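> What follows is entry_32.txt, compact mmCIF, C-alpha atoms and all ligand atoms.
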# COMPACT_ATOMS: atom_id res chain seq x y z
CA MET A 18 2.15 21.59 -40.38
CA ALA A 19 3.12 23.15 -37.08
CA ILE A 20 1.22 21.84 -34.08
CA ASP A 21 1.01 23.93 -30.95
CA PRO A 22 2.82 21.76 -28.33
CA ARG A 23 0.47 23.08 -25.65
CA LEU A 24 -2.47 21.29 -27.32
CA SER A 25 -3.57 17.98 -25.82
CA PRO A 26 -3.10 15.01 -28.16
CA ILE A 27 -6.85 14.87 -28.78
CA ALA A 28 -6.99 18.60 -29.60
CA ALA A 29 -3.97 18.17 -31.90
CA LEU A 30 -5.78 15.33 -33.69
CA GLN A 31 -8.84 17.50 -34.14
CA HIS A 32 -6.69 20.38 -35.43
CA ILE A 33 -4.97 18.17 -38.02
CA ALA A 34 -8.21 16.46 -39.07
CA ASP A 35 -9.89 19.86 -39.55
CA SER A 36 -7.03 21.13 -41.67
CA LEU A 37 -6.74 18.03 -43.94
CA GLU A 38 -9.72 18.96 -46.12
CA ARG A 39 -8.36 22.50 -46.66
CA ILE A 40 -4.94 21.31 -47.90
CA ASP A 41 -4.79 21.26 -51.70
CA ASP A 42 -1.12 20.30 -52.06
CA ALA A 43 -0.71 16.48 -52.04
CA ASN A 44 2.72 16.57 -50.36
CA GLU A 45 1.51 18.84 -47.62
CA ARG A 46 -1.58 16.68 -47.13
CA ASN A 47 0.67 13.57 -46.86
CA ARG A 48 2.80 15.32 -44.23
CA ALA A 49 -0.36 16.27 -42.34
CA TYR A 50 -1.57 12.68 -42.60
CA ILE A 51 1.75 11.39 -41.20
CA GLU A 52 1.52 13.95 -38.40
CA LEU A 53 -2.04 12.76 -37.75
CA GLN A 54 -0.78 9.18 -37.38
CA ARG A 55 2.02 10.33 -35.07
CA GLN A 56 -0.46 12.24 -32.91
CA ILE A 57 -2.71 9.16 -32.76
CA LEU A 58 0.25 7.17 -31.38
CA VAL A 59 0.95 9.90 -28.82
CA ALA A 60 -2.71 10.00 -27.81
CA ASN A 61 -2.82 6.20 -27.48
CA ARG A 62 0.32 6.21 -25.33
CA GLU A 63 -1.07 8.93 -23.06
CA TRP A 64 -4.44 7.20 -22.88
CA SER A 65 -2.74 3.95 -21.91
CA GLY A 66 -0.71 5.80 -19.25
CA LEU A 67 -3.88 7.37 -17.86
CA LEU A 68 -5.58 3.97 -17.67
CA ASP A 69 -2.55 2.62 -15.76
CA GLU A 70 -2.74 5.57 -13.35
CA ILE A 71 -6.47 5.03 -12.82
CA ARG A 72 -5.88 1.32 -12.16
CA GLU A 73 -3.08 2.16 -9.71
CA MET A 74 -5.24 4.74 -7.90
CA LYS A 75 -8.12 2.24 -7.63
CA ASP A 76 -5.72 -0.32 -6.14
CA ARG A 77 -4.43 2.25 -3.64
CA ILE A 78 -7.96 3.25 -2.62
CA LYS A 79 -8.86 -0.42 -2.18
CA ALA A 80 -5.72 -0.99 -0.07
CA PHE A 81 -6.63 2.03 2.09
CA ASP A 82 -10.17 0.72 2.59
CA THR A 83 -8.85 -2.74 3.42
CA TRP A 84 -6.34 -1.30 5.88
CA ASP A 85 -8.99 0.86 7.55
CA THR A 86 -11.10 -2.24 8.18
CA GLU A 87 -8.10 -4.30 9.26
CA SER A 88 -6.66 -1.63 11.57
CA LYS A 89 -9.90 -1.40 13.56
CA ARG A 90 -9.25 -4.97 14.77
CA TYR A 91 -6.26 -3.75 16.83
CA ARG A 92 -5.78 -1.50 19.83
CA LEU A 93 -2.72 0.36 21.01
CA ILE A 94 -1.23 -1.02 24.21
CA ARG A 95 1.92 -0.39 26.20
CA LEU A 96 4.09 -3.30 27.19
CA ASN A 97 6.73 -3.15 29.93
CA PRO A 98 9.22 -1.64 30.14
CA GLY A 99 7.61 1.01 27.96
CA PHE A 100 7.07 0.34 24.30
CA PHE A 101 3.89 0.26 22.29
CA VAL A 102 2.43 -2.44 20.09
CA ARG A 103 -0.93 -3.06 18.49
CA GLU A 104 -2.82 -5.91 20.07
CA LEU A 105 -5.47 -7.96 18.28
CA ILE A 106 -8.79 -7.22 19.98
CA PRO A 107 -10.14 -10.61 21.10
CA GLU A 108 -13.70 -9.76 19.96
CA ALA A 109 -12.39 -9.01 16.47
CA ALA A 110 -10.02 -11.98 16.26
CA ASN A 111 -12.16 -13.97 13.79
CA GLY A 112 -10.41 -17.13 14.87
CA GLU A 113 -6.90 -15.71 14.68
CA PRO A 114 -4.65 -16.41 17.67
CA ALA A 115 -3.61 -13.56 19.96
CA HIS A 116 -0.75 -11.57 18.50
CA PHE A 117 0.86 -8.16 18.38
CA LEU A 118 1.66 -5.93 15.43
CA CYS A 119 4.61 -3.57 15.28
CA GLU A 120 3.52 0.00 16.01
CA ASP A 121 6.02 1.57 13.59
CA CYS A 122 4.86 -0.65 10.74
CA PHE A 123 1.22 -0.13 11.75
CA ASN A 124 1.68 3.63 11.38
CA LYS A 125 2.97 2.99 7.86
CA ARG A 126 -0.17 0.98 7.13
CA GLU A 127 1.83 -2.25 7.07
CA ARG A 128 1.17 -5.42 9.02
CA GLY A 129 4.39 -6.21 10.88
CA MET A 130 3.79 -9.33 12.95
CA MET A 131 5.71 -9.36 16.24
CA HIS A 132 7.40 -12.67 16.97
CA SER A 133 8.62 -13.64 20.38
CA GLU A 134 12.15 -14.87 20.86
CA THR A 135 13.71 -16.14 24.00
CA SER A 136 17.31 -15.51 24.89
CA MET A 137 19.02 -16.84 27.95
CA TYR A 138 18.11 -13.80 30.05
CA ALA A 139 15.02 -12.20 28.51
CA GLU A 140 12.05 -12.35 26.19
CA HIS A 141 12.09 -10.25 23.06
CA LEU A 142 9.44 -9.20 20.60
CA LYS A 143 10.78 -8.75 17.09
CA CYS A 144 8.94 -7.34 14.08
CA GLY A 145 8.99 -9.77 11.18
CA ARG A 146 8.83 -6.90 8.73
CA CYS A 147 11.09 -4.04 9.92
CA LYS A 148 13.08 -6.15 12.42
CA ALA A 149 12.47 -3.70 15.29
CA GLU A 150 13.14 -5.51 18.54
CA HIS A 151 11.91 -4.89 22.07
CA THR A 152 13.01 -6.59 25.24
CA LEU A 153 10.26 -7.37 27.70
CA SER A 154 10.95 -6.60 31.34
CA SER A 155 9.75 -9.95 32.60
CA GLY A 156 11.20 -13.38 32.21
CA ARG A 157 7.84 -14.94 31.40
CA ARG A 158 7.50 -16.30 27.93
CA PRO A 159 4.97 -14.26 25.86
CA ASN A 160 3.63 -17.20 23.90
CA ALA A 161 3.34 -19.68 26.75
CA GLY A 162 -0.27 -20.80 27.01
CA ILE A 163 -1.34 -19.85 23.49
CA ALA A 164 -0.53 -23.19 21.97
CA ASP A 165 -2.30 -25.21 24.65
CA GLY A 166 -5.57 -23.21 24.35
CA THR A 167 -5.85 -22.34 28.04
CA ASP A 168 -7.25 -19.07 29.37
CA TYR A 169 -3.83 -18.06 30.54
CA ASP A 170 -3.01 -14.56 29.21
CA PRO A 171 0.64 -14.75 28.32
CA PHE A 172 0.88 -10.99 27.89
CA GLU A 173 -0.76 -10.00 31.15
CA LYS A 174 2.51 -9.53 32.95
CA TYR A 175 3.79 -7.20 30.22
CA ARG A 176 0.83 -4.83 30.19
ZN ZN A 201 7.89 -3.26 12.15
Would you mind writing the structure in this file as C-alpha cells?


Amino acid sequence: MAIDPRLSPIAALQHIADSLERIDDANERNRAYIELQRQILVANREWSGLLDEIREMKDRIKAFDTWDTESKRYRLIRLNPGFFVRELIPEAANGEPAHFLCEDCFNKRERGMMHSETSMYAEHLKCGRCKAEHTLSSGRRPNAGIADGTDYDPFEKYR
C-alpha cells in the first residue's frame, strides 16, 4: 500500500485504517497492517517530539518571565572612566547586598555578577560569567564598607 508521504502520520493512520476493511487479499491486508503499525510508531515518535518542544517552549517562556521580573530590579549606570553596568536598585534589593551585573551579559538575559579585584595600582570589576573586565579610574576599593554594614557608598566615587 503506497502512502502519500505528504500526509501527516495521523492522516496516514486514518488512510490505512479506512482501507483495511476493503482489502480482500490476506497478504495485502497483512502488509497494510504492518504499515499501520509502522505509522503508529512514526506518529508516536512525532507526538513525543512535539511534547518535548512544548515543554521546552514553556520553559523558555517561564525563563523570559522570570528574567523580566529580575531585570526590573536593576538600573543602568555609568562608572568611571566610562563603562556601563547594571546596579541593583536598593529599594528592590530584597536583602541582597549591593552589587553590579555585567551589561553585556544582562543584554543576553544572563546574570553576570561583577566581582571586584584589587591590583597594586587599580581596582577592577570582572564579570564572573563572561570574564569581561573593567578598570575603575579611582584607587578606592569598590567593596569597602559593604561588609561592615555602614552607610558608606563604596561606588559613589565611580559614578
Ligand atoms: Zn559578563

> Please provide the set of residues having any atom within 12 Å of Asn47 in chain A, restricted to only C-alpha atoms, with same-chain residues fewer than 4 positions apart removed, written as number ranges by chain.

A: 18, 33, 36-38, 40-43, 51-54

> Would you save the residues from that selection as an mmCIF file, keeping the file's coordinate frame, using C-alpha atoms?


data_model
loop_
_atom_site.group_PDB
_atom_site.id
_atom_site.type_symbol
_atom_site.label_atom_id
_atom_site.label_comp_id
_atom_site.auth_asym_id
_atom_site.auth_seq_id
_atom_site.Cartn_x
_atom_site.Cartn_y
_atom_site.Cartn_z
ATOM 1 C CA MET A 18 2.150 21.590 -40.380
ATOM 2 C CA ILE A 33 -4.970 18.170 -38.020
ATOM 3 C CA SER A 36 -7.030 21.130 -41.670
ATOM 4 C CA LEU A 37 -6.740 18.030 -43.940
ATOM 5 C CA GLU A 38 -9.720 18.960 -46.120
ATOM 6 C CA ILE A 40 -4.940 21.310 -47.900
ATOM 7 C CA ASP A 41 -4.790 21.260 -51.700
ATOM 8 C CA ASP A 42 -1.120 20.300 -52.060
ATOM 9 C CA ALA A 43 -0.710 16.480 -52.040
ATOM 10 C CA ILE A 51 1.750 11.390 -41.200
ATOM 11 C CA GLU A 52 1.520 13.950 -38.400
ATOM 12 C CA LEU A 53 -2.040 12.760 -37.750
ATOM 13 C CA GLN A 54 -0.780 9.180 -37.380
#

> Any residue with an atom at most 12 Å from ligand ZN 201 (chain A) counts, using all atoms listed in the file. Which are they? Put them as a PyMOL selection string.

chain A and resi 101-103+117-132+142-151

> If you count only C-alpha atoms, which residues fall within 8 Å of range 79-92 of chain A, apart from same-chain ones fewer than 5 positions away, as a list in words?

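Once the nearby chain positions are removed, what remains is Arg103, Glu104, Leu105, Ile106, Ala109, Ala110 and Arg126 of chain A.
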
> Rounded to one decimal place, report the CA of Phe100 in chain A-CA of Glu140 in chain A distance in Å.

13.8 Å

> Grab the CA of Ala29 in chain A to CA of Glu45 in chain A distance for me, in Å with one decimal place.

16.7 Å

> Tell me, in Å to one decimal, how far CA of Thr152 in chain A is from CA of Tyr138 in chain A.

10.1 Å
